[in-house]
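run-v2.cif follows; it contains mmCIF, C-alpha atoms.
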data_coords
#
loop_
_atom_site.label_atom_id
_atom_site.label_comp_id
_atom_site.auth_asym_id
_atom_site.auth_seq_id
_atom_site.Cartn_x
_atom_site.Cartn_y
_atom_site.Cartn_z
CA MET A 168 151.33 92.29 34.21
CA LEU A 169 154.29 90.23 35.38
CA ILE A 170 156.68 90.90 38.24
CA PHE A 171 159.96 88.98 38.23
CA CYS A 172 161.89 88.84 41.49
CA GLU A 173 164.25 86.75 43.58
CA GLU A 174 162.61 84.21 45.88
CA ARG A 175 163.77 86.10 48.99
CA PHE A 176 161.59 89.07 47.97
CA ARG A 177 158.42 86.96 47.64
CA GLU A 178 157.12 87.55 51.16
CA ARG A 179 157.43 91.33 50.87
CA LEU A 180 155.88 91.46 47.41
CA THR A 181 153.05 88.93 47.73
CA GLY A 182 150.61 91.28 49.46
CA LEU A 183 151.47 94.17 47.15
CA VAL A 184 150.97 92.03 44.06
CA ALA A 185 147.55 90.83 45.23
CA ASP A 186 146.42 94.41 45.84
CA ALA A 187 147.59 95.62 42.42
CA ARG A 188 146.57 92.50 40.43
CA PHE A 189 150.01 91.51 39.17
CA ASP A 190 151.37 88.02 38.55
CA LEU A 191 154.50 87.24 40.58
CA VAL A 192 157.24 84.97 39.21
CA THR A 193 160.38 84.21 41.24
CA ASP A 194 163.75 82.94 40.09
CA GLU A 195 163.04 79.54 41.65
CA GLU A 196 159.84 79.22 39.63
CA ALA A 197 161.38 80.42 36.37
CA GLY A 198 164.60 78.44 36.75
CA GLU A 199 168.00 79.57 35.55
CA ASP A 200 166.93 80.02 31.93
CA LEU A 201 164.23 82.68 32.04
CA ALA A 202 164.30 82.96 28.24
CA ALA A 203 163.02 79.39 27.91
CA VAL A 204 159.86 80.02 29.95
CA LEU A 205 159.30 83.69 29.12
CA PRO A 206 157.13 83.10 26.00
CA ASP A 207 154.66 80.97 27.97
CA LEU A 208 154.54 83.54 30.76
CA LEU A 209 153.92 86.40 28.36
CA ALA A 210 151.11 84.50 26.65
CA LYS A 211 149.15 84.70 29.91
CA THR A 212 149.57 88.39 30.61
CA ALA A 213 150.05 91.82 29.04
CA ASP A 214 153.19 92.93 27.22
CA LEU A 215 154.65 94.67 30.23
CA ALA A 216 156.74 93.54 33.19
CA ILE A 217 158.47 94.75 36.32
CA LEU A 218 161.85 93.35 37.31
CA VAL A 219 162.72 93.55 41.03
CA THR A 220 166.27 92.30 41.34
CA GLU A 221 169.80 92.69 42.64
CA THR A 222 172.66 93.36 40.25
CA THR A 223 173.69 89.70 40.55
CA HIS A 224 170.61 88.85 38.43
CA SER A 225 171.03 91.60 35.85
CA ASP A 226 171.17 88.87 33.16
CA TRP A 227 167.39 88.74 33.51
CA ALA A 228 167.26 92.20 31.96
CA SER A 229 169.11 91.06 28.84
CA GLN A 230 166.78 88.05 28.47
CA ILE A 231 163.71 90.26 28.73
CA ASP A 232 165.29 92.73 26.30
CA ALA A 233 165.67 89.91 23.78
CA HIS A 234 161.85 89.60 23.67
CA ASN A 235 161.36 93.35 23.07
CA LEU A 236 159.31 93.50 26.26
CA ARG A 237 158.82 96.82 27.96
CA TYR A 238 159.59 96.70 31.64
CA TRP A 239 160.47 98.77 34.68
CA LEU A 240 163.65 97.85 36.52
CA VAL A 241 163.68 98.10 40.32
CA GLN A 242 167.09 97.37 41.80
CA VAL A 243 167.37 96.26 45.43
CA GLY A 244 170.62 96.09 47.37
CA SER A 245 173.73 97.96 48.33
CA PRO A 246 175.52 99.76 45.49
CA SER A 247 178.90 98.76 46.89
CA GLY A 248 180.65 95.61 48.02
CA PRO A 249 182.56 92.63 46.60
CA GLU A 250 179.56 91.35 44.61
CA LEU A 251 178.90 94.67 42.87
CA THR A 252 178.42 94.29 39.13
CA VAL A 253 177.83 97.02 36.60
CA PRO A 254 174.11 96.97 35.70
CA ILE A 255 173.14 96.43 32.07
CA ARG A 256 170.88 99.45 32.32
CA GLN A 257 170.20 102.04 34.98
CA PRO A 258 167.19 101.15 37.14
CA HIS A 259 164.01 103.20 37.21
CA ARG A 260 164.21 103.02 40.99
CA HIS A 261 166.85 101.87 43.44
CA PHE A 262 166.16 100.58 46.97
CA LEU A 263 168.88 99.81 49.49
CA GLY A 264 166.42 97.29 50.92
CA LEU A 265 162.74 96.44 51.08
CA ASP A 266 162.19 97.75 54.60
CA GLU A 267 158.88 99.28 55.68
CA ALA A 268 159.53 102.59 53.92
CA GLY A 269 160.83 100.91 50.77
CA THR A 270 157.89 98.52 50.62
CA ALA A 271 155.39 101.36 51.06
CA TYR A 272 157.04 103.28 48.22
CA LEU A 273 157.12 100.18 46.01
CA SER A 274 153.40 99.72 46.69
CA GLN A 275 152.84 103.26 45.41
CA LEU A 276 154.92 102.50 42.31
CA LEU A 277 152.92 99.34 41.57
CA ASP A 278 149.71 101.34 41.81
CA ASP A 279 151.22 103.91 39.44
CA TRP A 280 152.25 101.24 36.93
CA ARG A 281 149.14 99.08 36.71
CA ASP A 282 146.86 99.33 33.67
CA ARG A 283 143.87 101.68 33.75
CA ASP A 284 141.20 102.47 31.17
CA LEU A 285 141.57 106.16 31.96
CA ILE A 286 144.73 107.81 33.15
CA ARG A 287 144.46 109.07 36.73
CA VAL A 288 145.53 112.58 37.68
CA ASP A 289 146.58 112.89 41.30
CA CYS A 290 146.40 116.55 42.30
CA PHE A 291 147.99 117.73 45.52
CA THR A 292 149.02 121.03 47.06
CA PHE A 293 152.28 122.17 48.59
CA ALA A 294 153.96 125.18 50.20
CA TYR A 295 156.75 126.84 48.24
CA ARG A 296 158.44 127.69 51.54
CA ASP A 297 159.11 123.94 51.86
CA GLY A 298 160.50 123.57 48.34
CA LEU A 299 159.23 121.83 45.21
CA PRO A 300 157.73 118.35 45.69
CA ALA A 301 159.95 115.60 44.28
CA GLU A 302 157.11 113.41 42.96
CA ALA A 303 155.41 116.13 40.88
CA ASP A 304 155.10 115.68 37.10
CA TRP A 305 153.50 119.07 36.48
CA VAL A 306 153.62 122.12 38.77
CA VAL A 307 151.19 125.06 38.86
CA ASP A 308 152.26 128.19 40.72
CA THR A 309 149.33 130.21 42.14
CA ARG A 310 151.36 132.91 43.91
CA PHE A 311 150.21 135.50 41.35
CA LEU A 312 146.89 135.57 43.25
CA ASP A 313 146.33 137.77 46.30
CA SER A 314 146.72 135.71 49.45
CA PRO A 315 143.64 135.45 51.72
CA TYR A 316 146.04 135.16 54.66
CA TRP A 317 146.03 138.95 54.94
CA ASP A 318 142.25 139.04 55.30
CA PRO A 319 141.44 138.32 58.98
CA THR A 320 138.00 136.98 58.03
CA MET A 321 139.53 134.41 55.66
CA ARG A 322 142.81 133.55 57.37
CA GLY A 323 141.39 130.63 59.36
CA ARG A 324 139.76 128.96 56.32
CA ASP A 325 141.34 126.94 53.56
CA GLY A 326 140.77 126.74 49.81
CA ARG A 327 138.01 124.12 50.19
CA ASP A 328 135.75 126.72 51.80
CA PRO A 329 133.11 127.64 49.14
CA GLU A 330 133.20 131.38 49.86
CA LEU A 331 137.00 131.51 49.86
CA ARG A 332 137.23 129.47 46.67
CA GLN A 333 134.72 131.76 44.96
CA LEU A 334 136.67 134.87 45.98
CA LEU A 335 139.96 133.41 44.80
CA MET A 336 138.61 132.21 41.47
CA ALA A 337 137.14 135.68 40.87
CA GLN A 338 140.61 137.26 41.00
CA PRO A 339 142.28 138.29 37.72
CA GLY A 340 144.22 135.38 36.27
CA ALA A 341 142.58 132.59 38.26
CA HIS A 342 140.24 131.40 35.54
CA GLN A 343 142.82 132.18 32.87
CA VAL A 344 145.34 129.74 34.29
CA VAL A 345 142.68 127.04 34.48
CA GLU A 346 141.27 127.74 31.02
CA ARG A 347 144.68 127.80 29.34
CA PHE A 348 146.43 125.07 31.29
CA LEU A 349 143.72 122.41 31.19
CA PRO A 350 143.35 122.08 27.39
CA MET A 351 147.10 121.50 27.04
CA LEU A 352 147.13 118.93 29.84
CA ILE A 353 144.08 117.06 28.55
CA GLU A 354 145.45 117.02 25.00
CA LEU A 355 148.67 115.37 26.22
CA LEU A 356 147.04 112.71 28.44
CA PRO A 357 146.65 110.13 25.62
CA LEU A 358 150.33 110.55 24.78
CA TYR A 359 151.27 109.78 28.37
CA GLN A 360 149.20 106.61 28.11
CA THR A 361 151.06 105.51 24.98
CA GLN A 362 154.18 105.61 27.17
CA ARG A 363 152.47 103.27 29.66
CA ARG A 364 151.84 106.03 32.18
CA SER A 365 148.64 105.44 34.13
CA VAL A 366 149.11 108.10 36.81
CA LEU A 367 150.09 111.74 36.38
CA ARG A 368 150.87 113.92 39.39
CA LEU A 369 149.88 117.57 39.36
CA ALA A 370 151.24 119.76 42.16
CA VAL A 371 149.65 123.14 42.86
CA GLY A 372 151.59 125.47 45.10
CA CYS A 373 151.36 128.75 46.96
CA THR A 374 153.37 130.20 49.82
CA GLY A 375 151.73 128.22 52.62
CA GLY A 376 149.90 125.53 50.64
CA ARG A 377 146.58 126.24 52.29
CA HIS A 378 144.52 128.88 50.48
CA ARG A 379 145.29 129.71 46.84
CA SER A 380 146.74 126.33 45.88
CA VAL A 381 143.88 124.37 47.45
CA ALA A 382 141.21 126.46 45.71
CA VAL A 383 142.84 126.17 42.27
CA ALA A 384 143.53 122.44 42.79
CA ALA A 385 139.85 121.87 43.61
CA GLU A 386 138.87 123.71 40.42
CA LEU A 387 141.32 121.67 38.32
CA VAL A 388 140.15 118.34 39.73
CA GLU A 389 136.52 119.24 39.11
CA ARG A 390 137.18 120.33 35.53
CA ILE A 391 139.37 117.32 34.68
CA ASN A 392 136.66 114.95 35.85
CA GLN A 393 134.09 116.85 33.81
CA SER A 394 136.21 116.38 30.70
CA GLY A 395 135.83 112.59 30.82
CA GLN A 396 139.45 112.22 29.63
CA ALA A 397 140.87 111.25 33.02
CA GLU A 398 139.96 110.43 36.58
CA ALA A 399 141.20 113.13 38.91
CA ARG A 400 141.41 113.15 42.67
CA HIS A 401 142.66 115.63 45.26
CA LEU A 402 145.18 114.00 47.60
CA ASP A 403 145.20 115.03 51.25
CA ARG A 404 148.99 114.83 51.29
CA PRO A 405 151.83 114.64 48.75
CA PRO A 406 152.75 111.19 47.38
CA LEU A 407 155.47 109.21 49.11
CA HIS A 408 159.01 110.01 48.05
CA LEU A 409 162.07 107.83 48.47
CA PRO A 410 165.33 109.69 47.76
CA GLN A 411 167.27 107.92 45.01
CA SER A 412 170.78 108.76 46.25
CA LEU A 413 173.05 105.73 45.98
CA ASP A 414 175.50 106.99 48.61
#

As structure tokens, please, write out the structure in this file.
Amino acid sequence: MLIFCEERFRERLTGLVADARFDLVTDEEAGEDLAAVLPDLLAKTADLAILVTETTHSDWASQIDAHNLRYWLVQVGSPSGPELTVPIRQPHRHFLGLDEAGTAYLSQLLDDWRDRDLIRVDCFTFAYRDGLPAEADWVVDTRFLDSPYWDPTMRGRDGRDPELRQLLMAQPGAHQVVERFLPMLIELLPLYQTQRRSVLRLAVGCTGGRHRSVAVAAELVERINQSGQAEARHLDRPPLHLPQSLD
């Protein structure tokens, strides 16, 4: 996979590209006429690219469009000022700058966007009292289950505890949500892959994000891996999120 960027972004991107196995091409390497060198570049890689650019280089997007190449557009820079130009298309992500937080989030995006034989399902838990997680693709609400918080013998445990998980999964509705939700999810995974999605994020929530959600998430991860249709993992914390406000 190719990443096109301005030369000034090379230092920030070099380490990320090596980790994610992308090929990096800067404007100095490609020259002013990207269209002239694009066919040779595409012959060496897959039919997918990432464009990391400021609006002053939005002509790159039109040149890539001319080759019917699918790509993700990451725009870097202030959305205001004398050099502001109207972008040809709206970016998938916008960064005011590639600072430490922006670079960490871009690293997560590159990991999301790289090719995989099997789609990966990242499952994580959250507390509804804190609001819905911004990076979730699918959300499962487990608040229909009785909370172990009100049982003094279970309050100090979390959903990874075998006894607590067994008690929760024995409640009415627990297995039903797993049995009915999973077939739909697994059936749709190949369709996500046709849209070049290699990571899907599944958020499982309850009031505090400690008991019910963790137990159901553990069950979902185990069953997804057993299906052989995806690689699932249980994240210790939610994925990084970078607000996309352009103010």

Check your understanding: Given the file above and the PyMOL selection byres ((chain A and resi 238-240) around 10), which residues are selected, and can you give them as a ChimeraX atom specification?
Key -> /A:168-171,214-220,225,228,231-232,235-237,241-243,256-261,280,363

Can those selected residues be exported to a file as a PDB file, keeping the file's coordinate frame so that it contains C-alpha atoms?
ATOM      1  CA  MET A 168     151.330  92.290  34.210  1.00  0.00           C
ATOM      2  CA  LEU A 169     154.290  90.230  35.380  1.00  0.00           C
ATOM      3  CA  ILE A 170     156.680  90.900  38.240  1.00  0.00           C
ATOM      4  CA  PHE A 171     159.960  88.980  38.230  1.00  0.00           C
ATOM      5  CA  ASP A 214     153.190  92.930  27.220  1.00  0.00           C
ATOM      6  CA  LEU A 215     154.650  94.670  30.230  1.00  0.00           C
ATOM      7  CA  ALA A 216     156.740  93.540  33.190  1.00  0.00           C
ATOM      8  CA  ILE A 217     158.470  94.750  36.320  1.00  0.00           C
ATOM      9  CA  LEU A 218     161.850  93.350  37.310  1.00  0.00           C
ATOM     10  CA  VAL A 219     162.720  93.550  41.030  1.00  0.00           C
ATOM     11  CA  THR A 220     166.270  92.300  41.340  1.00  0.00           C
ATOM     12  CA  SER A 225     171.030  91.600  35.850  1.00  0.00           C
ATOM     13  CA  ALA A 228     167.260  92.200  31.960  1.00  0.00           C
ATOM     14  CA  ILE A 231     163.710  90.260  28.730  1.00  0.00           C
ATOM     15  CA  ASP A 232     165.290  92.730  26.300  1.00  0.00           C
ATOM     16  CA  ASN A 235     161.360  93.350  23.070  1.00  0.00           C
ATOM     17  CA  LEU A 236     159.310  93.500  26.260  1.00  0.00           C
ATOM     18  CA  ARG A 237     158.820  96.820  27.960  1.00  0.00           C
ATOM     19  CA  VAL A 241     163.680  98.100  40.320  1.00  0.00           C
ATOM     20  CA  GLN A 242     167.090  97.370  41.800  1.00  0.00           C
ATOM     21  CA  VAL A 243     167.370  96.260  45.430  1.00  0.00           C
ATOM     22  CA  ARG A 256     170.880  99.450  32.320  1.00  0.00           C
ATOM     23  CA  GLN A 257     170.200 102.040  34.980  1.00  0.00           C
ATOM     24  CA  PRO A 258     167.190 101.150  37.140  1.00  0.00           C
ATOM     25  CA  HIS A 259     164.010 103.200  37.210  1.00  0.00           C
ATOM     26  CA  ARG A 260     164.210 103.020  40.990  1.00  0.00           C
ATOM     27  CA  HIS A 261     166.850 101.870  43.440  1.00  0.00           C
ATOM     28  CA  TRP A 280     152.250 101.240  36.930  1.00  0.00           C
ATOM     29  CA  ARG A 363     152.470 103.270  29.660  1.00  0.00           C
TER      30      ARG A 363
END

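When atom CA of Arg379 of chain A is paired with atom CA of Val366 of chain A, their separation reads 24.1 Å.
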
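One distance worth recording is that between atom CA of Asp304 of chain A and atom CA of Asn392 of chain A, which is 18.5 Å.
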
Students should find that atom CA of Cys290 of chain A and atom CA of Val388 of chain A are spaced 7.0 Å

Closest of A:Met336, A:Leu331, A:Ala271, A:Ala399 to Leu285 of chain A, counting only C-alpha atoms, is A:Ala399

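Taken over the shown file, the PyMOL selection byres ((chain A and resi 191) around 8) identifies Leu169, Ile170, Phe171, Cys172, Thr181, Val184, Phe189, Asp190, Val192 and Thr193 of chain A.
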
- Task: Just say which residues the PyMOL selection byres ((chain A and resi 274) around 9) picks in this file, as an MDAnalysis selection string.
- Result: chainID A and resid 180 183:184 186:187 269:273 275:279

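Taking all atoms listed in the file into account, Leu265 of chain A lies nearest to A:Arg179 out of the set A:Thr361, A:Leu349, A:Leu205, A:Arg179.
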
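Proximity ranking of A:Asp284, A:Asp313, A:Asp325, A:Glu389 relative to Arg364 of chain A places A:Asp284 first, based on only C-alpha atoms.
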
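When all atoms listed in the file are used to compute distances to Leu387 of chain A, the closest of the residues A:Ile353, A:Leu409, A:Ala337, A:Leu263 turns out to be A:Ile353.
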
I'd like the neighbourhood of Leu355 of chain A as a PDB file with C-alpha atoms, in the coordinates of the input, where a residue qualifies if any of its atoms comes within 12 Å (using only C-alpha atoms), though same-chain residues fewer than 3 positions away should be ignored.
ATOM      1  CA  ILE A 286     144.730 107.810  33.150  1.00  0.00           C
ATOM      2  CA  TRP A 305     153.500 119.070  36.480  1.00  0.00           C
ATOM      3  CA  PHE A 348     146.430 125.070  31.290  1.00  0.00           C
ATOM      4  CA  LEU A 349     143.720 122.410  31.190  1.00  0.00           C
ATOM      5  CA  PRO A 350     143.350 122.080  27.390  1.00  0.00           C
ATOM      6  CA  MET A 351     147.100 121.500  27.040  1.00  0.00           C
ATOM      7  CA  LEU A 352     147.130 118.930  29.840  1.00  0.00           C
ATOM      8  CA  LEU A 358     150.330 110.550  24.780  1.00  0.00           C
ATOM      9  CA  TYR A 359     151.270 109.780  28.370  1.00  0.00           C
ATOM     10  CA  GLN A 360     149.200 106.610  28.110  1.00  0.00           C
ATOM     11  CA  THR A 361     151.060 105.510  24.980  1.00  0.00           C
ATOM     12  CA  GLN A 362     154.180 105.610  27.170  1.00  0.00           C
ATOM     13  CA  ARG A 364     151.840 106.030  32.180  1.00  0.00           C
ATOM     14  CA  LEU A 367     150.090 111.740  36.380  1.00  0.00           C
ATOM     15  CA  GLN A 396     139.450 112.220  29.630  1.00  0.00           C
ATOM     16  CA  ALA A 397     140.870 111.250  33.020  1.00  0.00           C
TER      17      ALA A 397
END

Residues near segment 294-296 of chain A, cut-off 7 Å, all atoms listed in the file, skip fewer than 4 positions along chain, as number ranges by chain:
A: 372-376

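Residues surrounding Ala341 of chain A within 12 Å are Val307, Asp308, Thr309, Arg310, Phe311, Leu312, Asp313, Arg332, Gln333, Leu334, Leu335, Met336, Ala337, Gln338, Val344, Val345, Glu346, Arg347, Phe348, Arg379, Ser380, Ala382, Val383, Ala384, Glu386 and Leu387 of chain A [all atoms listed in the file; sequence separation below 3 positions excluded].
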
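Using only C-alpha atoms, the nearest neighbour of Arg283 of chain A within the list A:Gly244, A:His408, A:Glu398, A:Asp318 is A:Glu398.
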
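The residue that comes closest to Glu221 of chain A, out of A:Glu302, A:Asp194, A:Glu173, A:Asp289 and on the basis of all atoms listed in the file, is A:Glu173.
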